[in-house]
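The block underneath contains the structure these notes are about, expressed in structure tokens.
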Amino acid sequence: ALATACAPQVADNEYLITGTVTGVPDSTIVTLRAQYGDLLKETARDTIIGGRFELRDTLSSLQPFILMAEGEGFPNYFLNVWIAPGQHIEVSGKDKLFPLWNVKSDIKEQQEENRFIDQVREQKRQILAYDVQENAFFKLMFSKEHRDDEEFGKAMWNKVDSVRKLSAPFEFESARREVELMKTTPVSLPWLDRLESNALMVKIAANDTTRQAYTALSAPLKELYAALPDSVKQTPTAQRAYHSLFPPQKVKVGDEMADGALYDPDGKEHRLAEFKGKYILLDFWRRGCGPCIASIPDLEEVTQMYADRLAVVSISIDTETMWKQYLKEKGLKGNQWNELRNDGGGLKAVYGVQGIPHYVLIAPDGKVKDTWAGYGKGVIKDNLKANVK
């Protein structure tokens with residue numbers, strides 16, 4: 001009799017990923033991570049032994065995860081894997097470029113994901129190969145031997161820039177091919193992910209001359225968004241795409257401040273107008289951002305120093321659950337507020353927040369006095385000393 005392989009048994013509240021790969025060293029760690037707001041949380045891991053790995057955990061509903069493998073020669077990217085309860089998913093690959101590993105699954109979202117990957121496979125292979133080169137230059141730059149060598153650092157940055165210029169045409173062609181495929185395929189969760197990611201690249205291109213080619217995708221992406229049913233347009237992913245394609249007018253120094261609904265941990269609604277007549281310092285931040293957390297003692301200090309003239313408003317961009325949990329853990333006081341929205345709009349967009357922490361100083365007359373991004377010891381105090389009279 002012929003031997004037949006039995007499919008592994010998977011409980012209704014579990015998932016199982018089995019991997020078979022070649023060209024990857026044994027002892028390589030493979031991790032599966034879920035996204036919570038802007039943070040990634042590891043949910044499962046395994047070590048490749050004999051070209052095989054296995055990832056298993058419990059799950060209550062369909063969810064996108066990212067699979068990663070780390071080590072020398074691996075790109076700093078990820079592989080999207082859609083997982084549902086009770087599902088066995090097979091992953092296979094032939095080299096270290098794991099974002100191109102094949103994912104075999106009965107889940108329709110994964111099948112749509114695979115369609116997009118196949119559309120740009122050759123471009124992605126080039127992009128990932130260049131990324132591996134870039135990572136090697138960074139590793140050398142920050143190695144113990146060269147960490148403090150400015151000339152060596154400049155030379156490495158020149159090499160990084162050269163690699164990025166070589167990669168750029170492949171990145172644009174990948175985006176263009178995705179948009180072309182979107183015109184002929186039904187709307188799905190992976191489709192919406194591409195709408196959001198490519199719309200973001202169009203937005204970035206407006207201020208980045210090295211990415212000007214992406215502006216050519218603005219019109220087709222706007223057409224694709226316009227054709228969506230209203231119910232889909234209201235989803236957070238589609239809304240984030242909308243705010244990238246149709247960015248709001250940004251408030252600049254000298255302009256009247258922008259205001260909007262903000263919520264404290266008890267759910268009470270607030271407005272910045274509550275403090276009109278005082279200076280207002282907006283602090284856009286999130287947990288997991290090292291400089292944001294490092295700035296907290298300085299913010300607490302200036303709150304006391306300027307208590308009669310200044311209101312500090314910390315605006316978290318974390319999800320509600322993560323934000324409240326962190327406030328409770330750290331016992332943070334003062335005006336701890338959150339817009340409680342994840343649609344790419346609101347005060348974060350109007351004030352042009354890109355990197356965080358991001359600070360906006362508003363004068364007592366309600367006009368923006370100063371803005372700056374990033375934190376260094378003494379920077380907040382120096383800026384307030386120069387502007388608060």
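Residue numbers start at 1 in each chain; chains themselves are named A, B, ... in the order of the structure tokens; ligands are numbered from 1 in the order shown.
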Practice task
Please return as a PyMOL selection string: the residues of range 60-305 of chain A that backbone DSSP assigns to alpha helix (DSSP H).
Solution key: chain A and resi 108-119+121-141+150-182+189-205+218-226+230-233+236-245+290-294+296-305
Problem - Near-Leu195 in chain A list (8 Å; only C-alpha atoms; drop same-chain fewer than 2 positions) as a ChimeraX atom specification - result: /A:179,191-193,197-199,221,225,238,241
Tell me which protein, DNA and RNA residues are within 6 Å of range 269-285 of chain A, counting only C-alpha atoms, leaving out same-chain ones fewer than 2 positions away, and put them as a PDB file with N, CA and C atoms, in the first residue's frame.
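Saved to out-v3.pdb:
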```
ATOM      1  N   ASP A 259      -7.615  73.316  16.457  1.00  0.00           N
ATOM      2  CA  ASP A 259      -8.178  72.706  17.658  1.00  0.00           C
ATOM      3  C   ASP A 259      -9.056  71.528  17.251  1.00  0.00           C
ATOM      4  N   ALA A 261     -11.265  67.704  19.043  1.00  0.00           N
ATOM      5  CA  ALA A 261     -11.664  66.915  20.208  1.00  0.00           C
ATOM      6  C   ALA A 261     -10.504  66.069  20.719  1.00  0.00           C
ATOM      7  N   LEU A 262     -10.251  66.168  22.011  1.00  0.00           N
ATOM      8  CA  LEU A 262      -9.239  65.382  22.704  1.00  0.00           C
ATOM      9  C   LEU A 262      -9.886  64.792  23.946  1.00  0.00           C
ATOM     10  N   TYR A 263      -9.423  63.617  24.360  1.00  0.00           N
ATOM     11  CA  TYR A 263     -10.082  62.909  25.460  1.00  0.00           C
ATOM     12  C   TYR A 263      -9.083  62.559  26.549  1.00  0.00           C
ATOM     13  N   CYS A 292      10.702  60.100  23.504  1.00  0.00           N
ATOM     14  CA  CYS A 292       9.455  60.591  24.120  1.00  0.00           C
ATOM     15  C   CYS A 292       9.481  60.345  25.626  1.00  0.00           C
ATOM     16  N   ARG A 309       1.834  80.453  33.585  1.00  0.00           N
ATOM     17  CA  ARG A 309       1.777  80.982  32.214  1.00  0.00           C
ATOM     18  C   ARG A 309       1.643  79.925  31.137  1.00  0.00           C
ATOM     19  N   LEU A 310       1.862  78.653  31.495  1.00  0.00           N
ATOM     20  CA  LEU A 310       1.970  77.606  30.476  1.00  0.00           C
ATOM     21  C   LEU A 310       1.172  76.371  30.842  1.00  0.00           C
ATOM     22  N   ALA A 311       0.455  75.822  29.861  1.00  0.00           N
ATOM     23  CA  ALA A 311      -0.214  74.525  30.016  1.00  0.00           C
ATOM     24  C   ALA A 311       0.472  73.519  29.101  1.00  0.00           C
ATOM     25  N   VAL A 312       0.931  72.421  29.655  1.00  0.00           N
ATOM     26  CA  VAL A 312       1.530  71.343  28.861  1.00  0.00           C
ATOM     27  C   VAL A 312       0.446  70.315  28.563  1.00  0.00           C
ATOM     28  N   VAL A 313       0.250  70.027  27.282  1.00  0.00           N
ATOM     29  CA  VAL A 313      -0.758  69.038  26.866  1.00  0.00           C
ATOM     30  C   VAL A 313      -0.041  67.912  26.149  1.00  0.00           C
ATOM     31  N   SER A 314       0.011  66.747  26.770  1.00  0.00           N
ATOM     32  CA  SER A 314       0.639  65.577  26.165  1.00  0.00           C
ATOM     33  C   SER A 314      -0.421  64.814  25.372  1.00  0.00           C
ATOM     34  N   ILE A 315      -0.216  64.714  24.047  1.00  0.00           N
ATOM     35  CA  ILE A 315      -1.182  64.058  23.165  1.00  0.00           C
ATOM     36  C   ILE A 315      -0.591  62.737  22.695  1.00  0.00           C
ATOM     37  N   SER A 316      -1.084  61.648  23.253  1.00  0.00           N
ATOM     38  CA  SER A 316      -0.592  60.316  22.890  1.00  0.00           C
ATOM     39  C   SER A 316      -1.182  59.889  21.548  1.00  0.00           C
ATOM     40  N   ILE A 356       8.415  61.601  16.094  1.00  0.00           N
ATOM     41  CA  ILE A 356       8.047  61.979  17.457  1.00  0.00           C
ATOM     42  C   ILE A 356       9.255  61.785  18.370  1.00  0.00           C
ATOM     43  N   PRO A 357       9.307  62.523  19.493  1.00  0.00           N
ATOM     44  CA  PRO A 357       8.316  63.493  19.950  1.00  0.00           C
ATOM     45  C   PRO A 357       8.280  64.718  19.035  1.00  0.00           C
ATOM     46  N   HIS A 358       7.119  65.343  18.983  1.00  0.00           N
ATOM     47  CA  HIS A 358       6.912  66.546  18.182  1.00  0.00           C
ATOM     48  C   HIS A 358       6.268  67.586  19.095  1.00  0.00           C
ATOM     49  N   TYR A 359       6.830  68.792  19.100  1.00  0.00           N
ATOM     50  CA  TYR A 359       6.366  69.826  20.018  1.00  0.00           C
ATOM     51  C   TYR A 359       5.822  71.028  19.251  1.00  0.00           C
ATOM     52  N   VAL A 360       4.755  71.592  19.756  1.00  0.00           N
ATOM     53  CA  VAL A 360       4.165  72.807  19.192  1.00  0.00           C
ATOM     54  C   VAL A 360       3.924  73.770  20.353  1.00  0.00           C
ATOM     55  N   LEU A 361       4.473  74.978  20.244  1.00  0.00           N
ATOM     56  CA  LEU A 361       4.256  75.997  21.269  1.00  0.00           C
ATOM     57  C   LEU A 361       3.280  77.033  20.734  1.00  0.00           C
ATOM     58  N   ILE A 362       2.180  77.217  21.456  1.00  0.00           N
ATOM     59  CA  ILE A 362       1.135  78.170  21.062  1.00  0.00           C
ATOM     60  C   ILE A 362       1.154  79.346  22.035  1.00  0.00           C
ATOM     61  N   ALA A 363       1.114  80.559  21.483  1.00  0.00           N
ATOM     62  CA  ALA A 363       1.168  81.784  22.294  1.00  0.00           C
ATOM     63  C   ALA A 363      -0.193  82.075  22.920  1.00  0.00           C
ATOM     64  N   PRO A 364      -0.254  82.942  23.916  1.00  0.00           N
ATOM     65  CA  PRO A 364      -1.534  83.259  24.576  1.00  0.00           C
ATOM     66  C   PRO A 364      -2.605  83.801  23.630  1.00  0.00           C
TER      67      PRO A 364
END
```
Completion exercise
In Å and to one decimal, CA of Thr18 in chain A is distant from CA of Ala84 in chain A by 14.6 Å
As an mmCIF file with C-alpha atoms, in the first residue's frame, please: the residues near His146 in chain A (cut-off 12 Å, only C-alpha atoms, same-chain neighbours under 6 positions excluded).
```cif
data_model
loop_
_atom_site.group_PDB
_atom_site.id
_atom_site.type_symbol
_atom_site.label_atom_id
_atom_site.label_comp_id
_atom_site.auth_asym_id
_atom_site.auth_seq_id
_atom_site.Cartn_x
_atom_site.Cartn_y
_atom_site.Cartn_z
ATOM 1 C CA PHE A 137 27.053 48.980 5.638
ATOM 2 C CA PHE A 138 25.107 49.978 8.756
ATOM 3 C CA LYS A 139 26.538 47.031 10.670
ATOM 4 C CA LEU A 140 30.051 48.186 9.803
ATOM 5 C CA PHE A 152 34.377 56.055 8.050
ATOM 6 C CA GLY A 153 30.760 56.891 8.933
ATOM 7 C CA LYS A 154 30.572 59.408 6.074
ATOM 8 C CA ALA A 155 32.005 56.856 3.650
ATOM 9 C CA MET A 156 29.418 54.286 4.744
#
```
